[in-house]
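Step one of this worksheet: look at the structure below.
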Amino acid sequence: MATNENLPPTVIRELAKELKNLDETPPEGIKVGINDDNFSTIYADIEGPAGTPYENGVFRMKLVLSHDFPHSPPKGYFLTKIFHPNVATNGEICVNTLKKDWNPSLGLRHVLLVVRCLLIEPFPESALNEQAGKMLLEDYEEYARHARLYTGIHALKPKAKPKTAISESTTALNVDQTNTVVGPAAAAAAAPLPPLSSCMGNNNNNKSSGQENASSTTADAIPPLNTLQKKEGSSVVIGVGNKVQVDKKKMDARKKSLKRL
């Protein structure tokens with residue numbers, strides 16, 4: 001049972017709807033962690049936008065809601081260490097949406113999108129990290145080098161997209177894009193079993209309370225692995241498209257004719 005004692009019931013109801021919507025249709029490059037027992041702290045993993053020094057990194061952040069939210073803006077913090085003009089060394093985020101431009105009608109989706117846009121276009125004029133702000137204005141290449149270095153060391157790595165059944169089977173067996181029929185023993189030897197961890201969903205909700213936990217990941221069930229092999233009769237059939245078929249009756253007839261010889 002939820003125990004969001006520091007938020008009014010009306011706010012909890014609205015947040016529940018918004019969090020459900022964020023979970024079902026997440027913004028591009030953003031995954032929100034939901035804790036039914038505490039809506040006052042919202043966690044999110046933000047993918048570094050392509051073409052920026054934060055590309056190929058995933059950054060964990062949190063939004064802390066005050067008791068009078070949404071009348072007061074939430075406070076934003078990066079839990080993953082990042083080199084950015086508008087992020088202080090303690091992770092605090094400086095963006096006008098969370099300060100003077102706050103409007104109670106703004107939702108969490110808008111706030112999260114603004115934070116991700118901050119990775120694309122920093123504002124050195126309101127820098128919390130003076131070194132990063134000065135470097136961005138005077139020597140962008142040096143700033144980008146520092147930002148990429150931090151990304152490579154501290155950021156989480158994006159999860160690889162699952163392969164399709166066709167690409168997995170052809171890669172595992174090292175075969176060309178042609179129809180191939182192999183026996184069970186050969187197929188088993190060619191396609192090694194995946195590790196146990198990849199066959200099980202991760203149902204733990206890992207919530208970070210500080211920067212030291214920034215390397216953990218949010219709850220994200222691993223999708224089931226695509227089937228690499230399809231059995232028909234006593235053979236394993238591997239191929240591309242829908243053209244691969246085994247006519248068992250014809251195979252039996254050929255075996256009988258060979259025996260007569």
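By order in the structure tokens, chains are A, B, ...; within a chain, residues start at 1; ligands start at 1, following the order shown.
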
message = Would you pick out the contacts of Tyr54 in chain A at 7 Å or less, using only C-alpha atoms, so that residues sharing its chain but fewer than 3 positions from it are not included, and give the list as a PyMOL selection string?
response = chain A and resi 48-49+57+147-148+151

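Nearest to Glu47 in chain A of all the residues A:Ala155, A:Leu63, A:Leu149, A:Ile30 is A:Ile30, based on only C-alpha atoms.
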
task = Tell me which protein, DNA and RNA residues are within 12 Å of range 65-69 of chain A, counting only C-alpha atoms, leaving out same-chain ones fewer than 6 positions away, and put them as a PyMOL selection string.
result = chain A and resi 4-12+14-15+38-43+75-77+98+102-108

key: Expected answer as a PyMOL selection string: helix (DSSP H, G or I) residues in range 65-139 of chain A   = chain A and resi 96-98+108-120+124-126+130-138

key: Point-to-point distance in Å for CA of Gly29 in chain A and CA of Ala50 in chain A   =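 Atom-to-atom, CA of Ala50 in chain A and CA of Gly29 in chain A are spaced 10.2 Å apart.
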
Selected residue, from A:Ile46, A:Ile82, A:Val58, A:Val95, that lies nearest to Ala127 in chain A when counting only C-alpha atoms = A:Val95

query = If you measure from CA of Leu79 in chain A to CA of Phe59 in chain A, what distance in Å do you get, rounded to one decimal?
reply =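 Pair CA of Leu79 in chain A / CA of Phe59 in chain A returns 7.5 Å.
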